[in-house]
Amino acid sequence: MDTRPKVSSLLNRMANYTNLTQGVKEHEEAENITEGKKKPTKTMLTAISMSAIATNGVVPAGGSYFMISRALGPEFGGAVGLCFYLGTTFAAAMYILGAIEIFLVYIVPRAAIFRSDDAFKESAAMLNNMRVYGTAFLVLMVLVVFIGVRYVNKFASLFLACVIVSILAIYAGAIKSSFAPPHFPVCMLGNRTLSSRHIDICSKTKEINNMTIPSKLWGFFCNSSQFFNATCDEYFVHNNVTSIQGIPGLASGIITENLWSNYLPKGEIIEKPSAKSSDVLGSLNHEYVLVDITTSFTLLVGIFFPSVTGIMAGSNRSGDLKDAQKSIPIGTILAILTTSFVYLSNVVLFGACIEGVVLRDKFGDAVKGNLVVGTLSWPSPWVIVIGSFFSTCGAGLQSLTGAPRLLQAIAKDNIIPFLRVFGHSKANGEPTWALLLTAAIAELGILIASLDLVAPILSMFFLMCYLFVNLACALQTLLRTPNWRPRFRYYHWALSFMGMSICLALMFISSWYYAIVAMVIAGMIYKYIEYQGAEKEWGDGIRGLSLSAARFALLRLEEGPPHTKNWRPQLLVLLKLDEDLHVKHPRLLTFASQLKAGKGLTIVGSVIVGNFLENYGEALAAEQTIKHLMEAEKVKGFCQLVVAAKLREGISHLIQSCGLGGMKHNTVVMGWPNGWRQSEDARAWKTFIGTVRVTTAAHLALLVAKNVSFFPSNVEQFSEGNIDVWWIVHDGGMLMLLPFLLKQHKVWRKCSIRIFTVAQLEDNSIQMKKDLATFLYHLRIEAEVEVVEMHDSDISAYTYERTLMMEQRSQMLRHMRLSKTERDREAQLVKDRNSMLRLTSIGSDEDEETETYQEKVHMTWTKDKYMASRGQKAKSMEGFQDLLNMRPDQSNVRRMHTAVKLNEVIVNKSHEAKLVLLNMPGPPRNPEGDENYMEFLEVLTEGLERVLLVRGGGSEVITIYS
């Protein structure tokens with residue numbers, strides 16, 4: 001019965017889908033727009049990219065993490081998501097510390113617990129106050145968030161009202177300053193700004209009881225309180241002390257002086273360029289207002305950026321929104337437009353109303369520490385003070401609300417196992433454990449108290465998040481995946497790419513070393529997730545990019561045949577499985593992994609004999625077995641199982657059809673059929689020779705590993721030894737290239753290469769050795785060269801004996817025939833075996849040459865049948881007797897002679913070699929000589945422990961040219 005859902009029920013579930021966390025009933029609907037207005041972004045580009053991603057499907061909890069992980073994969077999503085979580089958490093600490101600073105400096109200075117009269121210890125006392133009050137504020141805010149997001153939203157409305165009133169007060173104050181600027185004096189010595197913290201009046205002298213006496217300022221620049229015998233600073237003597245208005249107002253035209261940048265090095269005196277000053281240097285005095293740090297555009301961007309990192313504040317709480325696809329784009333873009341207007345207009349107003357020396361006075365030394373913006377605002381400075389306090393408190397609450405939800409989303413995806421506990425929540429969906437961890441991390445930031453060193457790396461985390469949001473949008477747009485259908489239409493890949501480039505540039509421009517630190521942290525998280533497996537599959541853009549890149553590369557490969565310089569072994573490894581789906585010779589796969597230095601394609605294939613419909617389950621099980629072995633042997637490649645009626649046909653299908661386009665195998669790797677002589681079933685070696693013929697016909701190279709069970713594993717490393725290459729026939733260079741590739745692997749790295757070649761009587765052995773050495777030099781292969789001379793000699797009795805034994809065995813097997821009853825019985829046995837679930841492996845073909853018998857099988861023996869059987873066997877024995885008197889075929893004798901003599905030389909030279917590589921002669925054209933061919937190969941390799949028979953594909957695989 002079909003259990004698939006009906007279309008009507010499917011539509012009902014999809015239409016009623018909600019991304020609210022289960023149990024969260026008190027969440028308000030339109031909270032995101034309010035919170036998004038609190039913190040603007042640097043640019044609109046990231047918001048456009050985020051809007052496109054947010055409207056391309058449902059966005060549950062996780063916000064930016066969800067968008068990045070589903071667009072770029074779990075590795076990128078987890079790495080960037082965790083970095084963004086840490087940035088948001090430390091930002092909460094930064095906001096809380098900002099609120100405490102406003103509270104203790106401008107609202108209730110008397111509330112300070114730690115005090116110091118020593119100016120050098122005053123800053124340390126202030127840090128202790130911030131630690132104590134910061135911890136108390138953090139606990140209070142965590143309690144509010146713990147109770148529920150409903151109360152956070154209620155506070156958000158209050159905080160937003162305070163911020164709006166503060167902004168309006170600044171505009172009102174700027175307008176008022178055009179006709180009634182506030183009294184805000186700044187003391188100047190010539191064109192140099194003086195600190196007002198330790199001077200009583202802005203004058204060199206003062207009158208007391210009609211007497212003119214030196215002021216405190218005089219004492220700072222002169223070595224005596226007497227007018228006439230004092231030695232004063234030269235600049236102090238030649239310049240007058242004046243008082244200017246720190247806030248001259250809109251009508252003053254001060255904007256023309258503040259219009260251009262004026263970056264100063266650390267320790268330089270802040271000066272007013274338009275003020276009169278004598279051209280004398282004088283000495284540096286601590287009563288001047290000095291630049292605390294060397295400033296530049298990039299530095300100021302790095303300092304300013306943390307205050308505008310709220311673009312993701314709304315998206316982080318996507319799980320609490322009724323319709324995140326609608327709320328995130330509208331709320332974020334409106335917030336950016338609003339705050340961008342406020343920020344830019346404030347910059348213009350400050351430049352048009354306030355003196356430049358005041359704007360560059362970071363600590364307010366010239367104005368007795370008063371809040372400049374508060375003085376400018378109307379009707380009272382307290383509007384700005386209260387507004388700033390509540391604004392920082394609200395930003396801290398938003399961070400403490402968004403960060404736990406972000407961590408909860410990461411934990412629920414289970415891509416980082418040790419974070420799993422933080423995926424749990426209360427009955428109403430609040431992320432309790434994630435909130436506790438967030439509070440603990442924020443407390444660390446508060447205990448540091450000074451985040452001057454931490455703030456830049458927070459900016460890096462935010463910029464990295466924005467970078468990957470832009471990358472995700474650009475990637476999805478360029479790939480044109482069918483699933484990319486965002487409702488938000490006002491996006492373009494070029495805008496996303498521009499936003500990504502700006503984010504990356506800002507990271508390195510602001511602080512290149514912090515950028516590297518942030519990338520290293522993200523890279524470590526990425527590799528950890530990748531190491532854990534990253535089993536989540538979300539159809540991400542990286543996979544889509546891989547598919548597109550693979551398609552592009554495959555199409556490029558089709559443009560023409562590969563050049564010899566680009567040749568590398570693309571392996572098709574033919575494996576043998578037993579009835580239990582176990583690989584019989586796993587060392588064949590081990591050897592293939594040791595050839596991985598070629599960086600080529602590896603396809604591991606096997607054949608299951610049977611019907612595809614009936615054996616599909618076995619094929620899947622066998623595929624999993626092979627994949628597990630490939631993973632254990634660290635073979636990077638693909639597995640291909642074929643179900644075929646006959647084994648030889650299945651192998652032929654594998655050789656013909658594996659690969660795709662230009663990415664096909666060019667080399668077949670298989671094992672030697674051990675024990676073929678002892679087997680009464682000739683199909684084992686016939687399948688082997690058939691595979692050799694198919695490989696030759698396909699113009700593919702062939703590697704046959706003999707005694708493969710003796711080949712080394714990947715954990716064995718030879719400390720010494722030789723790889724011997726017997727180069728009898730030029731095969732395109734396969735014999736030269738293979739040992740070089742093997743030596744790239746740790747198992748064979750310490751082995752030396754020896755190249756042997758055979759010289760005939762008419763050859764010049766000395767010249768052959770020189771030519772071969774020169775050839776190897778041009779090939780850039782280091783190897784020892786030796787030429788072995790083999791002269792014609794008499795054919796020994798041993799050769800005749802081996803040839804005769806070979807021919808007699810072949811003829812005896814050809815004349816031996818089973819009786820009809822035995823054949824019937826064998827046919828029934830084959831039929832019974834075929835009815836069971838079994839796997840036939842490479843190296844035998846049980847269905848080959850099998851006849852289908854229609855007669856009924858009789859299991860009862862009669863006297864007639866017994867006599868007929870005896871007569872058949874007697875006839876066969878008469879034929880065998882005739883074979884004993886036969887003379888061996890002379891062509892077979894010559895071939896056997898060559899094999900015996902060459903084997904003697906090889907064993908003599910290479911009996912201790914770790915691996916021997918030999919040219920593999922091709923099979924005979926006449927199938928009648930197949931068994932003799934197997935015997936020749938057997939004789940050729942006798943006495944050698946590890947042998948690799950190599951047959952080239954007919955094309956050059958190595959070149960001397962660059």
# chains A, B, ... in the order shown; residues from 1 in each chain; ligands from 1
call {"tool": "residues_around", "arguments": {"residues": "Pro569 (chain A)", "least_positions_apart": "3", "cutoff": "8 Å", "atoms": "only C-alpha atoms", "output": "ChimeraX atom specification"}}
result
/A:598,600-601,665-667
call {"tool": "write_last_selection", "arguments": {"atoms": "C-alpha atoms", "output": "CSV table (one decimal), in the first residue's frame"}}
result
chain,number,residue,atom,x,y,z
A,598,GLY,CA,49.6,10.1,-9.1
A,600,GLY,CA,44.5,10.4,-10.4
A,601,LEU,CA,41.0,8.8,-10.4
A,665,HIS,CA,40.2,5.1,-16.0
A,666,ASN,CA,43.3,4.4,-18.2
A,667,THR,CA,44.7,1.6,-16.1
call {"tool": "select_by_dssp", "arguments": {"residues": "region 295-520 of chain A", "states": "helix (DSSP H, G or I)", "output": "ChimeraX atom specification"}}
result
/A:297-308,315-320,324-353,356-359,365-367,372-376,381-413,417-423,432-448,455-479,493-520
call {"tool": "residues_around", "arguments": {"residues": "Met519 (chain A)", "least_positions_apart": "4", "cutoff": "10 Å", "atoms": "only C-alpha atoms", "output": "list of chain:residue names"}}
result
A:Ala79, A:Val80, A:Cys83, A:Met460, A:Phe461, A:Met464, A:Tyr513, A:Tyr514, A:Ala515, A:Gly523, A:Met524, A:Ile525
call {"tool": "atom_distance", "arguments": {"atom1": "CA of Pro185 (chain A)", "atom2": "CA of Asn239 (chain A)"}}
result
18.5 Å
call {"tool": "residues_around", "arguments": {"residues": "region 498-507 of chain A", "least_positions_apart": "5", "cutoff": "7 Å", "atoms": "only C-alpha atoms", "output": "list in words"}}
result
Leu45, Thr46, Met460, Leu463, Tyr466, Leu467, Asn470, Leu471, Trp512 and Ala515 of chain A
call {"tool": "atom_distance", "arguments": {"atom1": "CA of Ala644 (chain A)", "atom2": "CA of Leu575 (chain A)"}}
result
15.3 Å
call {"tool": "residues_around", "arguments": {"residues": "region 898-902 of chain A", "least_positions_apart": "4", "cutoff": "7 Å", "atoms": "only C-alpha atoms", "output": "list of chain:residue names"}}
result
A:Arg894, A:Ile906, A:Phe936, A:Val939, A:Leu940
call {"tool": "closest_residue", "arguments": {"among": "A:Arg543, A:Tyr171, A:Val186, A:Gln325", "to": "Tyr343 (chain A)", "atoms": "only C-alpha atoms"}}
result
A:Tyr171
